[in-house]
>>> print(open('query38.cif').read())   # mmCIF, C-alpha atoms
data_protein
#
loop_
_atom_site.label_atom_id
_atom_site.label_comp_id
_atom_site.auth_asym_id
_atom_site.auth_seq_id
_atom_site.Cartn_x
_atom_site.Cartn_y
_atom_site.Cartn_z
CA MET A 1 64.18 5.74 -58.61
CA LYS A 2 61.89 8.25 -56.87
CA ILE A 3 59.03 9.79 -58.83
CA THR A 4 58.30 12.58 -56.35
CA PRO A 5 60.08 15.97 -56.51
CA VAL A 6 62.71 16.86 -53.93
CA LYS A 7 61.20 18.08 -50.66
CA GLY A 8 60.55 21.80 -50.77
CA THR A 9 59.97 21.79 -54.53
CA ASN A 10 56.80 21.16 -56.52
CA ASP A 11 55.53 19.69 -59.75
CA TYR A 12 52.66 21.69 -61.24
CA LEU A 13 49.76 20.21 -63.21
CA PRO A 14 48.73 22.02 -66.41
CA ALA A 15 45.92 23.98 -64.72
CA GLN A 16 48.25 25.02 -61.90
CA ALA A 17 50.99 26.03 -64.32
CA GLU A 18 48.44 28.01 -66.31
CA LEU A 19 47.47 30.04 -63.24
CA ARG A 20 51.12 30.63 -62.33
CA ASN A 21 51.90 31.79 -65.87
CA TYR A 22 48.85 34.06 -65.86
CA LEU A 23 49.82 35.69 -62.56
CA GLN A 24 53.39 36.29 -63.69
CA LYS A 25 52.15 37.70 -66.99
CA LYS A 26 49.73 40.14 -65.31
CA ILE A 27 52.34 41.27 -62.78
CA CYS A 28 54.97 41.74 -65.48
CA GLU A 29 52.54 43.65 -67.72
CA THR A 30 51.82 46.04 -64.84
CA TYR A 31 55.51 46.60 -64.26
CA GLU A 32 56.26 47.10 -67.95
CA GLN A 33 53.40 49.58 -68.33
CA ALA A 34 55.07 51.60 -65.58
CA GLY A 35 58.29 51.75 -67.61
CA PHE A 36 60.34 49.07 -65.86
CA GLN A 37 62.57 46.85 -68.01
CA ARG A 38 63.05 43.12 -67.51
CA ILE A 39 66.45 41.44 -67.15
CA ALA A 40 67.67 37.94 -66.33
CA THR A 41 70.62 36.76 -64.24
CA PRO A 42 72.12 33.29 -63.60
CA ILE A 43 70.84 31.22 -60.68
CA ILE A 44 74.47 30.55 -59.66
CA GLU A 45 76.59 33.23 -57.98
CA ASP A 46 80.15 33.31 -56.70
CA ILE A 47 80.11 32.06 -53.10
CA GLU A 48 82.12 35.09 -51.94
CA ASN A 49 79.40 37.42 -53.25
CA LEU A 50 76.70 35.46 -51.45
CA ASP A 51 78.60 35.19 -48.17
CA LYS A 52 79.33 38.95 -48.06
CA SER A 53 75.85 40.11 -49.08
CA GLU A 54 74.48 40.80 -45.58
CA GLY A 55 71.44 38.66 -46.28
CA GLY A 56 70.61 38.06 -42.61
CA ASP A 57 69.39 34.57 -41.74
CA ASN A 58 69.30 33.72 -45.46
CA LEU A 59 73.08 33.35 -45.39
CA ASN A 60 72.54 30.16 -43.40
CA LEU A 61 70.20 28.85 -46.12
CA ILE A 62 72.49 29.03 -49.15
CA PHE A 63 72.69 25.95 -51.36
CA LYS A 64 76.44 25.70 -51.93
CA VAL A 65 78.00 24.15 -55.03
CA MET A 66 81.19 22.16 -54.40
CA LYS A 67 84.33 22.65 -56.41
CA ARG A 68 85.04 20.07 -59.06
CA GLY A 69 87.90 17.72 -59.96
CA GLU A 70 91.37 18.47 -58.61
CA LYS A 71 90.19 21.68 -56.91
CA LEU A 72 87.73 19.69 -54.84
CA LYS A 73 90.39 17.12 -53.90
CA LYS A 74 92.73 19.88 -52.71
CA ALA A 75 89.93 21.58 -50.78
CA ILE A 76 89.06 18.33 -49.01
CA ALA A 77 92.73 17.69 -48.24
CA SER A 78 92.99 21.13 -46.62
CA GLN A 79 90.38 19.99 -44.04
CA ASN A 80 88.84 23.48 -44.17
CA PRO A 81 85.10 23.15 -44.95
CA ASP A 82 84.94 26.78 -46.08
CA ASN A 83 87.16 25.94 -49.08
CA ILE A 84 84.94 23.19 -50.50
CA ALA A 85 82.38 25.44 -52.26
CA ASP A 86 83.15 28.10 -54.85
CA MET A 87 79.56 28.87 -55.99
CA GLY A 88 76.04 28.88 -54.61
CA LEU A 89 72.42 29.20 -55.72
CA ARG A 90 70.98 32.70 -55.31
CA TYR A 91 68.73 33.07 -52.24
CA ASP A 92 67.05 36.21 -53.60
CA LEU A 93 67.24 38.46 -56.67
CA THR A 94 68.73 41.55 -54.99
CA LEU A 95 72.33 40.37 -54.69
CA PRO A 96 72.44 39.19 -58.35
CA LEU A 97 70.91 42.51 -59.43
CA SER A 98 73.58 44.46 -57.54
CA ARG A 99 76.35 42.47 -59.24
CA TYR A 100 74.59 42.85 -62.62
CA TYR A 101 74.38 46.62 -62.20
CA ALA A 102 78.04 46.86 -61.24
CA ASN A 103 79.00 44.82 -64.31
CA ASN A 104 76.72 46.59 -66.82
CA ARG A 105 76.44 50.10 -65.41
CA ALA A 106 77.80 51.84 -68.49
CA SER A 107 75.09 50.30 -70.67
CA LEU A 108 72.15 51.06 -68.38
CA PRO A 109 69.90 54.14 -68.12
CA GLN A 110 70.20 56.24 -64.96
CA PRO A 111 68.28 55.69 -62.81
CA PHE A 112 67.67 52.09 -63.82
CA LYS A 113 64.11 50.81 -63.34
CA VAL A 114 64.26 47.05 -63.54
CA ILE A 115 62.05 43.93 -63.38
CA GLN A 116 63.20 40.51 -62.22
CA MET A 117 60.88 37.50 -62.14
CA ASP A 118 62.68 34.24 -61.57
CA ARG A 119 63.41 31.27 -59.33
CA VAL A 120 65.45 31.52 -56.14
CA TYR A 121 66.62 28.84 -53.71
CA ARG A 122 66.86 28.55 -49.94
CA ALA A 123 67.76 25.49 -47.89
CA GLU A 124 64.61 25.86 -45.81
CA ARG A 125 63.09 23.20 -43.61
CA PRO A 126 60.17 22.32 -45.92
CA GLN A 127 56.74 23.18 -44.52
CA LYS A 128 53.59 24.97 -45.63
CA GLY A 129 54.54 28.37 -47.01
CA ARG A 130 58.26 27.61 -47.05
CA LEU A 131 59.70 26.13 -50.21
CA ARG A 132 63.28 25.48 -51.24
CA GLU A 133 62.60 26.62 -54.81
CA PHE A 134 60.23 29.52 -55.37
CA ILE A 135 59.47 32.49 -57.62
CA GLN A 136 60.14 36.12 -56.72
CA CYS A 137 58.64 39.07 -58.62
CA ASP A 138 60.81 42.15 -58.05
CA ILE A 139 60.94 45.73 -59.22
CA ASP A 140 63.87 47.95 -58.26
CA ILE A 141 65.09 51.48 -58.92
CA LEU A 142 68.87 51.84 -58.91
CA GLY A 143 70.82 55.07 -58.93
CA SER A 144 68.43 57.47 -57.18
CA ASP A 145 68.13 58.42 -53.51
CA SER A 146 64.86 60.33 -53.99
CA SER A 147 61.89 59.26 -51.85
CA THR A 148 59.82 59.43 -55.04
CA CYS A 149 61.33 56.00 -55.81
CA GLU A 150 59.63 54.48 -52.76
CA ILE A 151 56.35 56.11 -53.76
CA GLU A 152 56.55 54.75 -57.31
CA LEU A 153 57.44 51.25 -56.12
CA ILE A 154 54.60 51.16 -53.59
CA HIS A 155 52.08 52.43 -56.14
CA THR A 156 53.21 50.04 -58.89
CA THR A 157 53.35 46.99 -56.60
CA ALA A 158 49.90 47.77 -55.18
CA LYS A 159 48.55 48.15 -58.71
CA ALA A 160 49.99 44.74 -59.66
CA LEU A 161 48.30 43.15 -56.64
CA LEU A 162 44.97 44.75 -57.50
CA ASN A 163 45.32 43.58 -61.12
CA ILE A 164 45.59 39.92 -60.04
CA GLY A 165 42.62 40.09 -57.67
CA ILE A 166 44.30 40.82 -54.32
CA ASN A 167 42.19 43.65 -52.90
CA ASN A 168 42.04 43.90 -49.12
CA PHE A 169 45.55 44.87 -48.00
CA LYS A 170 47.59 47.57 -46.31
CA VAL A 171 51.16 48.77 -46.87
CA LYS A 172 53.23 49.06 -43.69
CA ILE A 173 56.21 51.43 -43.88
CA ASN A 174 59.16 52.15 -41.59
CA ASP A 175 62.68 53.58 -41.78
CA ARG A 176 65.51 51.68 -40.14
CA ARG A 177 67.41 54.91 -39.48
CA ILE A 178 64.49 56.25 -37.45
CA LEU A 179 64.15 52.98 -35.55
CA ARG A 180 67.84 53.05 -34.63
CA GLU A 181 67.53 56.61 -33.30
CA ILE A 182 64.48 55.70 -31.25
CA LEU A 183 66.18 52.67 -29.72
CA LEU A 184 69.30 54.66 -28.89
CA SER A 185 67.20 57.44 -27.34
CA VAL A 186 65.67 55.10 -24.76
CA GLY A 187 68.94 53.62 -23.60
CA PHE A 188 69.89 50.77 -25.91
CA GLU A 189 73.53 50.56 -26.97
CA GLU A 190 74.71 50.49 -30.59
CA ASP A 191 75.92 46.92 -30.31
CA GLN A 192 72.53 45.81 -28.94
CA LEU A 193 70.39 47.13 -31.78
CA ASP A 194 70.44 44.09 -34.05
CA SER A 195 69.24 41.84 -31.22
CA VAL A 196 66.57 44.36 -30.16
CA CYS A 197 65.29 44.76 -33.73
CA ILE A 198 64.84 41.01 -34.07
CA SER A 199 62.52 41.09 -31.06
CA PHE A 200 60.67 44.23 -32.16
CA ASP A 201 59.92 42.65 -35.52
CA LYS A 202 57.67 40.20 -33.63
CA LEU A 203 55.47 42.86 -31.99
CA ASN A 204 52.43 42.20 -34.19
CA LYS A 205 52.66 38.46 -33.50
CA ILE A 206 53.47 38.26 -29.78
CA LYS A 207 52.23 41.74 -28.72
CA ALA A 208 53.99 44.22 -26.43
CA GLU A 209 53.96 41.82 -23.48
CA GLY A 210 55.75 39.14 -25.48
CA VAL A 211 58.38 41.54 -26.81
CA GLU A 212 58.91 42.95 -23.33
CA ALA A 213 59.40 39.45 -21.93
CA GLU A 214 61.83 38.52 -24.69
CA LEU A 215 63.90 41.68 -24.32
CA THR A 216 63.83 41.48 -20.52
CA GLU A 217 65.27 37.99 -20.84
CA LYS A 218 68.10 39.56 -22.82
CA GLY A 219 68.73 42.03 -20.00
CA PHE A 220 67.08 45.20 -21.37
CA ASP A 221 64.72 45.95 -18.45
CA LYS A 222 64.52 49.73 -18.09
CA ALA A 223 64.74 50.59 -21.79
CA VAL A 224 62.03 48.07 -22.58
CA MET A 225 59.50 49.56 -20.16
CA LYS A 226 60.14 53.11 -21.35
CA LEU A 227 59.73 52.31 -25.02
CA LEU A 228 56.85 49.84 -24.92
CA SER A 229 54.76 52.17 -22.77
CA ASN A 230 54.29 54.33 -25.87
CA ALA A 231 52.89 51.56 -28.09
CA PRO A 232 51.17 51.79 -30.55
CA PHE A 233 53.72 54.16 -32.04
CA THR A 234 52.76 57.16 -34.20
CA LEU A 235 54.77 59.52 -36.36
CA ASP A 236 53.85 62.34 -33.99
CA TYR A 237 55.51 60.41 -31.17
CA VAL A 238 58.52 59.74 -33.38
CA LYS A 239 58.91 63.45 -34.19
CA GLU A 240 59.27 64.17 -30.51
CA ILE A 241 62.21 61.83 -29.92
CA CYS A 242 63.96 61.53 -33.30
CA LYS A 243 66.84 63.96 -33.71
CA ASN A 244 66.93 63.79 -37.51
CA SER A 245 63.70 65.39 -38.69
CA GLU A 246 64.71 64.82 -42.33
CA TYR A 247 64.12 61.07 -41.97
CA VAL A 248 60.72 61.61 -40.36
CA ASP A 249 59.62 64.20 -42.90
CA SER A 250 60.63 61.90 -45.77
CA LEU A 251 58.72 58.99 -44.26
CA ALA A 252 55.63 61.14 -43.71
CA TYR A 253 55.82 62.34 -47.32
CA ILE A 254 56.01 58.77 -48.63
CA ILE A 255 53.03 57.67 -46.54
CA ASP A 256 50.86 60.73 -47.30
CA THR A 257 51.56 60.58 -51.04
CA SER A 258 51.01 56.82 -51.20
CA ASN A 259 47.63 57.19 -49.50
CA ALA A 260 46.66 59.95 -51.91
CA LEU A 261 47.54 57.68 -54.86
CA ALA A 262 45.75 54.70 -53.28
CA ASP A 263 42.42 56.45 -53.75
CA GLY A 264 40.89 54.38 -50.96
CA LYS A 265 41.79 51.01 -52.53
CA TYR A 266 44.39 50.27 -49.82
CA VAL A 267 46.05 52.05 -46.90
CA ALA A 268 49.69 53.00 -46.31
CA GLU A 269 50.62 53.39 -42.63
CA TYR A 270 53.60 53.82 -40.34
CA ASP A 271 54.75 50.73 -38.43
CA MET A 272 57.72 51.35 -36.16
CA THR A 273 58.16 47.64 -35.49
CA LEU A 274 58.71 46.70 -39.14
CA VAL A 275 62.33 45.60 -39.57
CA ARG A 276 62.57 43.08 -42.46
CA GLY A 277 65.11 40.30 -42.18
CA GLN A 278 67.82 41.19 -44.69
CA GLY A 279 70.84 42.90 -43.19
CA TYR A 280 71.48 44.95 -46.34
CA TYR A 281 68.50 47.29 -45.81
CA THR A 282 69.70 50.78 -44.91
CA GLY A 283 66.64 53.04 -44.74
CA THR A 284 63.01 52.77 -45.76
CA VAL A 285 61.46 49.31 -45.47
CA PHE A 286 57.92 48.31 -46.42
CA GLU A 287 55.63 45.30 -46.34
CA VAL A 288 52.19 44.50 -47.74
CA GLU A 289 49.84 42.66 -45.38
CA SER A 290 46.76 40.85 -46.69
CA LEU A 291 43.91 41.62 -44.29
CA ASP A 292 41.86 38.71 -45.63
CA PHE A 293 44.56 36.15 -44.88
CA ASN A 294 46.54 37.87 -42.10
CA SER A 295 49.69 37.29 -44.07
CA SER A 296 52.59 39.25 -45.56
CA ILE A 297 52.41 39.07 -49.37
CA ALA A 298 55.11 41.55 -50.45
CA GLY A 299 58.06 43.39 -48.98
CA GLY A 300 61.16 45.39 -49.71
CA GLY A 301 63.26 48.38 -48.83
CA ARG A 302 66.22 50.60 -49.56
CA TYR A 303 69.68 49.03 -49.80
CA ASP A 304 72.06 51.90 -50.52
CA ASN A 305 75.28 50.06 -49.63
CA LEU A 306 74.98 46.71 -51.40
CA ILE A 307 76.03 47.78 -54.92
CA GLY A 308 78.92 49.68 -53.35
CA LYS A 309 80.43 46.38 -52.25
CA PHE A 310 81.14 45.77 -55.95
CA LEU A 311 81.91 49.31 -57.19
CA LYS A 312 83.61 50.77 -54.08
CA GLU A 313 81.24 53.74 -54.22
CA GLN A 314 77.77 54.19 -52.82
CA ILE A 315 74.95 53.63 -55.29
CA PRO A 316 71.44 54.24 -53.90
CA ALA A 317 68.93 51.47 -54.57
CA VAL A 318 65.46 50.44 -53.47
CA GLY A 319 63.23 47.49 -54.39
CA PHE A 320 59.89 45.79 -53.77
CA SER A 321 59.27 42.03 -54.07
CA ILE A 322 55.90 40.29 -54.38
CA GLY A 323 55.57 37.01 -52.48
CA PHE A 324 54.47 35.08 -55.53
CA GLU A 325 54.16 31.62 -53.95
CA ARG A 326 52.01 32.87 -51.08
CA ILE A 327 49.67 34.69 -53.46
CA TYR A 328 49.47 31.65 -55.73
CA SER A 329 48.55 29.48 -52.73
CA ILE A 330 45.91 31.98 -51.61
CA LEU A 331 44.26 32.09 -55.03
CA MET A 332 44.34 28.30 -55.41
CA GLU A 333 42.64 27.96 -52.02
CA LYS A 334 40.01 30.57 -52.92
CA GLU A 335 39.23 28.84 -56.22
CA SER A 336 37.61 32.08 -57.33
CA TYR A 337 40.28 33.59 -59.52
CA ASN A 338 39.56 34.86 -63.02
CA THR A 339 42.43 34.38 -65.44
CA GLU A 340 40.70 36.23 -68.29
CA LYS A 341 41.93 33.40 -70.45
CA GLN A 342 41.05 32.52 -74.02
CA LYS A 343 38.92 29.36 -74.08
CA LYS A 344 40.86 26.17 -74.65
CA VAL A 345 39.41 23.37 -76.80
CA VAL A 346 40.44 20.07 -78.36
CA LEU A 347 40.00 19.02 -81.98
CA ILE A 348 39.70 15.22 -82.16
CA TYR A 349 40.50 13.51 -85.47
CA GLU A 350 41.18 10.14 -87.09
CA GLU A 351 44.84 9.46 -87.83
CA ASP A 352 44.37 9.59 -91.63
CA GLN A 353 42.76 13.07 -91.31
CA VAL A 354 45.84 14.78 -89.84
CA ALA A 355 46.53 17.25 -92.68
CA ASP A 356 42.92 18.44 -92.95
CA ALA A 357 42.57 18.51 -89.14
CA ILE A 358 45.64 20.75 -88.77
CA ARG A 359 44.29 23.15 -91.43
CA TYR A 360 40.92 23.29 -89.66
CA ALA A 361 42.63 23.77 -86.27
CA GLU A 362 44.30 26.90 -87.65
CA GLU A 363 40.84 28.34 -88.27
CA LEU A 364 39.70 27.44 -84.75
CA ARG A 365 42.81 29.12 -83.33
CA LYS A 366 41.47 32.48 -84.45
CA THR A 367 38.93 32.06 -81.64
CA TYR A 368 40.25 29.36 -79.27
CA LYS A 369 43.46 27.83 -78.03
CA THR A 370 43.22 24.53 -79.91
CA ALA A 371 44.97 21.25 -79.18
CA LEU A 372 44.93 18.27 -81.55
CA TYR A 373 44.39 14.69 -80.40
CA ILE A 374 43.88 11.44 -82.30
CA LYS A 375 40.47 9.96 -81.47
CA PRO A 376 40.87 7.41 -78.65
CA LYS A 377 38.93 4.18 -78.34
CA LYS A 378 37.10 5.38 -75.21
CA LEU A 379 36.09 8.88 -76.23
CA GLY A 380 33.82 9.57 -73.23
CA LYS A 381 36.50 8.76 -70.69
CA PHE A 382 39.00 10.87 -72.65
CA LEU A 383 36.62 13.87 -72.70
CA ASN A 384 36.13 13.62 -68.93
CA LYS A 385 39.89 13.76 -68.46
CA LEU A 386 40.14 16.82 -70.74
CA GLU A 387 37.49 18.63 -68.69
CA GLU A 388 39.37 17.78 -65.48
CA GLN A 389 42.52 19.25 -66.99
CA GLY A 390 40.85 22.60 -67.65
CA PHE A 391 39.78 22.36 -71.29
CA ASP A 392 36.55 24.20 -72.08
CA GLY A 393 35.23 22.15 -74.99
CA PHE A 394 35.90 19.86 -77.94
CA GLN A 395 35.01 19.14 -81.54
CA VAL A 396 35.20 15.80 -83.36
CA PHE A 397 36.52 16.58 -86.84
CA GLY A 398 34.18 15.39 -89.57
CA ARG A 399 31.34 14.73 -87.12
CA ASP A 400 30.55 17.92 -85.18
CA GLU A 401 29.64 21.10 -87.00
CA GLU A 402 31.00 23.34 -84.25
CA VAL A 403 32.83 23.29 -80.91
CA ARG A 404 30.82 21.77 -78.06
CA MET A 405 31.46 23.30 -74.65
CA PHE A 406 31.60 21.07 -71.56
CA GLY A 407 28.51 21.57 -69.45
CA GLU A 408 26.47 22.73 -72.45
CA GLN A 409 26.03 19.33 -74.08
#
>>> encode(input="query38.cif", output="structure tokens")
Amino acid sequence: MKITPVKGTNDYLPAQAELRNYLQKKICETYEQAGFQRIATPIIEDIENLDKSEGGDNLNLIFKVMKRGEKLKKAIASQNPDNIADMGLRYDLTLPLSRYYANNRASLPQPFKVIQMDRVYRAERPQKGRLREFIQCDIDILGSDSSTCEIELIHTTAKALLNIGINNFKVKINDRRILREILLSVGFEEDQLDSVCISFDKLNKIKAEGVEAELTEKGFDKAVMKLLSNAPFTLDYVKEICKNSEYVDSLAYIIDTSNALADGKYVAEYDMTLVRGQGYYTGTVFEVESLDFNSSIAGGGRYDNLIGKFLKEQIPAVGFSIGFERIYSILMEKESYNTEKQKKVVLIYEEDQVADAIRYAEELRKTYKTALYIKPKKLGKFLNKLEEQGFDGFQVFGRDEEVRMFGEQ
């Protein structure tokens, strides 16, 4: 039998798990202090819900769960592969939240400000930065179409990042409705927009020349030249060509207010090329970019139509998700994080001292996290292993008068 985890998943050593728990705790505390309430949903969803969720490329990455027993036999006999699965693992937390809201609406406050921190699954090709099982840390506001929701989400998410030691970042903001109007104004057709947006989302990576080449290959010559000649794009430029000033004014208000709240700790800015991959986004979209690591570390947007797929009425909703695994990797690589943790020590005792050792450990626990271990034959080797595992010190019961910290002996 194999002892390694499935590709795209990880085992975590105690010190690694401790950092992950600390990060989740600090993020959740920030969210809860802002008045958001935590919920939990199953990792398994009905396959119909997943398939109809407009999750973009993620729909191709769903782990499907086959039917069981006689139902599976009948599905196989039908020779229709679409009938074999009746459930799937969630690929994000937004679709489960939408179903949850539809099912529990009568019991929830309006608007509903919610926290989700849990595992999600995608059938990715495993590589650095892409796991098949990973944690998402989401906050969402359901039931309000006010742009104040975007402002609150941006401020709260930024505060959570600052609280865990992520400092040098900017928040990029766009509105898909504005982008659609701009693309239509320069000659693109409605049925071309999805393909064009996929290319525009790459502007920061492959630059204007790369986007122009990609779109030209798709046959968009004249429109490409007209639009890309105005890069980099500003809100002033957008105001000149966007017919719906309400969208532009709302976006400007979100950006200006977010910058005022940032107090110089980060910057919120307009980015016309920001698209985000999920097909369910309907309006504002945003992304946090780490300037130290040139990497996206959070993202989200407004998805006003997704809950309506369950309730047959439009329910406005907007959410922001922190890229937990990327941040965890960054902090592990930096090796400079401060978990503000209580010191962790070991009380070592002889087997016949167990009762007295446990009583004494309770006293130590008023100051330290205290683990109990029977004294091994090779004490020095055992202490070295404890230090490697992140313990701060030890005390031999009946021999040492007080805890001895590693490095201070």
>>> closest_residue(input="query38.cif", among="A:Asn294, A:Gln353, A:Thr30, A:Thr216", to="Asn163 of chain A", atoms="all atoms listed in the file")
A:Thr30
>>> residues_around(input="query38.cif", residues="segment 279-288 of chain A", least_positions_apart="3", cutoff="6 Å", atoms="all atoms listed in the file", output="list in words")
Glu54, Gly55, Gly56, Lys170, Val171, Lys172, Ile173, Asn174, Asp175, Arg176, Arg177, Ser296, Ile297, Ala298, Gly299, Gly300, Gly301, Arg302 and Tyr303 of chain A
>>> resolve_selection(input="query38.cif", expression="the PyMOL selection byres ((chain A and resi 50) around 9)", output="compact mmCIF listing (two decimals) with C-alpha atoms, in the coordinates of the input")
# COMPACT_ATOMS: atom_id res chain seq x y z
CA GLU A 45 76.59 33.23 -57.98
CA ASP A 46 80.15 33.31 -56.70
CA ILE A 47 80.11 32.06 -53.10
CA GLU A 48 82.12 35.09 -51.94
CA ASN A 49 79.40 37.42 -53.25
CA ASP A 51 78.60 35.19 -48.17
CA LYS A 52 79.33 38.95 -48.06
CA SER A 53 75.85 40.11 -49.08
CA GLU A 54 74.48 40.80 -45.58
CA GLY A 55 71.44 38.66 -46.28
CA LEU A 59 73.08 33.35 -45.39
CA ILE A 62 72.49 29.03 -49.15
CA MET A 87 79.56 28.87 -55.99
CA GLY A 88 76.04 28.88 -54.61
CA LEU A 89 72.42 29.20 -55.72
CA ARG A 90 70.98 32.70 -55.31
CA TYR A 91 68.73 33.07 -52.24
CA LEU A 95 72.33 40.37 -54.69
CA PRO A 96 72.44 39.19 -58.35
>>> residues_around(input="query38.cif", residues="Ala34 of chain A", least_positions_apart="2", cutoff="10 Å", atoms="only C-alpha atoms", output="ChimeraX atom specification")
/A:28-32,36-37,113,152-153,155-156
>>> residues_around(input="query38.cif", residues="segment 248-263 of chain A", least_positions_apart="3", cutoff="7 Å", atoms="only C-alpha atoms", output="PyMOL selection string")
chain A and resi 147+150-151+155+239+245+266-269
>>> write_last_selection(input="query38.cif", atoms="C-alpha atoms", output="PDB file, keeping the file's coordinate frame")
ATOM      1  CA  SER A 147      61.890  59.260 -51.850  1.00  0.00           C
ATOM      2  CA  GLU A 150      59.630  54.480 -52.760  1.00  0.00           C
ATOM      3  CA  ILE A 151      56.350  56.110 -53.760  1.00  0.00           C
ATOM      4  CA  HIS A 155      52.080  52.430 -56.140  1.00  0.00           C
ATOM      5  CA  LYS A 239      58.910  63.450 -34.190  1.00  0.00           C
ATOM      6  CA  SER A 245      63.700  65.390 -38.690  1.00  0.00           C
ATOM      7  CA  TYR A 266      44.390  50.270 -49.820  1.00  0.00           C
ATOM      8  CA  VAL A 267      46.050  52.050 -46.900  1.00  0.00           C
ATOM      9  CA  ALA A 268      49.690  53.000 -46.310  1.00  0.00           C
ATOM     10  CA  GLU A 269      50.620  53.390 -42.630  1.00  0.00           C
TER      11      GLU A 269
END
>>> closest_residue(input="query38.cif", among="A:Asn305, A:Asn103, A:Thr9, A:Ser295", to="Arg119 of chain A", atoms="all atoms listed in the file")
A:Thr9
>>> resolve_selection(input="query38.cif", expression="the PyMOL selection byres ((chain A and resi 128) around 10)", output="list in words")
Gly8, Arg125, Pro126, Gln127, Gly129, Arg130, Leu131, Arg326 and Ser329 of chain A
>>> write_last_selection(input="query38.cif", atoms="C-alpha atoms", output="PDB file, in the frame of the given file")
ATOM      1  CA  GLY A   8      60.550  21.800 -50.770  1.00  0.00           C
ATOM      2  CA  ARG A 125      63.090  23.200 -43.610  1.00  0.00           C
ATOM      3  CA  PRO A 126      60.170  22.320 -45.920  1.00  0.00           C
ATOM      4  CA  GLN A 127      56.740  23.180 -44.520  1.00  0.00           C
ATOM      5  CA  GLY A 129      54.540  28.370 -47.010  1.00  0.00           C
ATOM      6  CA  ARG A 130      58.260  27.610 -47.050  1.00  0.00           C
ATOM      7  CA  LEU A 131      59.700  26.130 -50.210  1.00  0.00           C
ATOM      8  CA  ARG A 326      52.010  32.870 -51.080  1.00  0.00           C
ATOM      9  CA  SER A 329      48.550  29.480 -52.730  1.00  0.00           C
TER      10      SER A 329
END
>>> atom_distance(input="query38.cif", atom1="atom CA of Lys74 of chain A", atom2="atom CA of Ile44 of chain A")
22.3 Å
>>> atom_distance(input="query38.cif", atom1="atom CA of Glu402 of chain A", atom2="atom CA of Arg365 of chain A")
13.2 Å
>>> resolve_selection(input="query38.cif", expression="the PyMOL selection byres ((chain A and resi 110) around 8)", output="ChimeraX atom specification")
/A:108-109,111-112,142-143
>>> residues_around(input="query38.cif", residues="Ile135 of chain A", least_positions_apart="3", cutoff="7 Å", atoms="only C-alpha atoms", output="JSON, numbers by chain")
{"A": [117, 118, 119, 120, 324, 325]}
>>> write_last_selection(input="query38.cif", atoms="C-alpha atoms", output="PDB file, keeping the file's coordinate frame")
ATOM      1  CA  MET A 117      60.880  37.500 -62.140  1.00  0.00           C
ATOM      2  CA  ASP A 118      62.680  34.240 -61.570  1.00  0.00           C
ATOM      3  CA  ARG A 119      63.410  31.270 -59.330  1.00  0.00           C
ATOM      4  CA  VAL A 120      65.450  31.520 -56.140  1.00  0.00           C
ATOM      5  CA  PHE A 324      54.470  35.080 -55.530  1.00  0.00           C
ATOM      6  CA  GLU A 325      54.160  31.620 -53.950  1.00  0.00           C
TER       7      GLU A 325
END
>>> closest_residue(input="query38.cif", among="A:Leu383, A:Ala213, A:Met332, A:Cys149", to="Ala15 of chain A", atoms="all atoms listed in the file")
A:Met332
>>> residues_near_point(input="query38.cif", point="(71.1, 60.2, -29.8)", cutoff="10 Å", atoms="all atoms listed in the file", output="list in words")
Arg180, Glu181, Ile182, Leu183, Leu184, Ser185, Val186, Gly187, Ile241, Cys242, Lys243 and Asn244 of chain A
>>> atom_distance(input="query38.cif", atom1="atom CA of Phe310 of chain A", atom2="atom CA of Ala102 of chain A")
6.2 Å
>>> closest_residue(input="query38.cif", among="A:Lys26, A:Glu387, A:Ser144, A:Ala77", to="Leu162 of chain A", atoms="all atoms listed in the file")
A:Lys26
>>> residues_around(input="query38.cif", residues="Tyr373 of chain A", least_positions_apart="4", cutoff="10 Å", atoms="all atoms listed in the file", output="number ranges by chain")
A: 346-351, 354, 357, 396
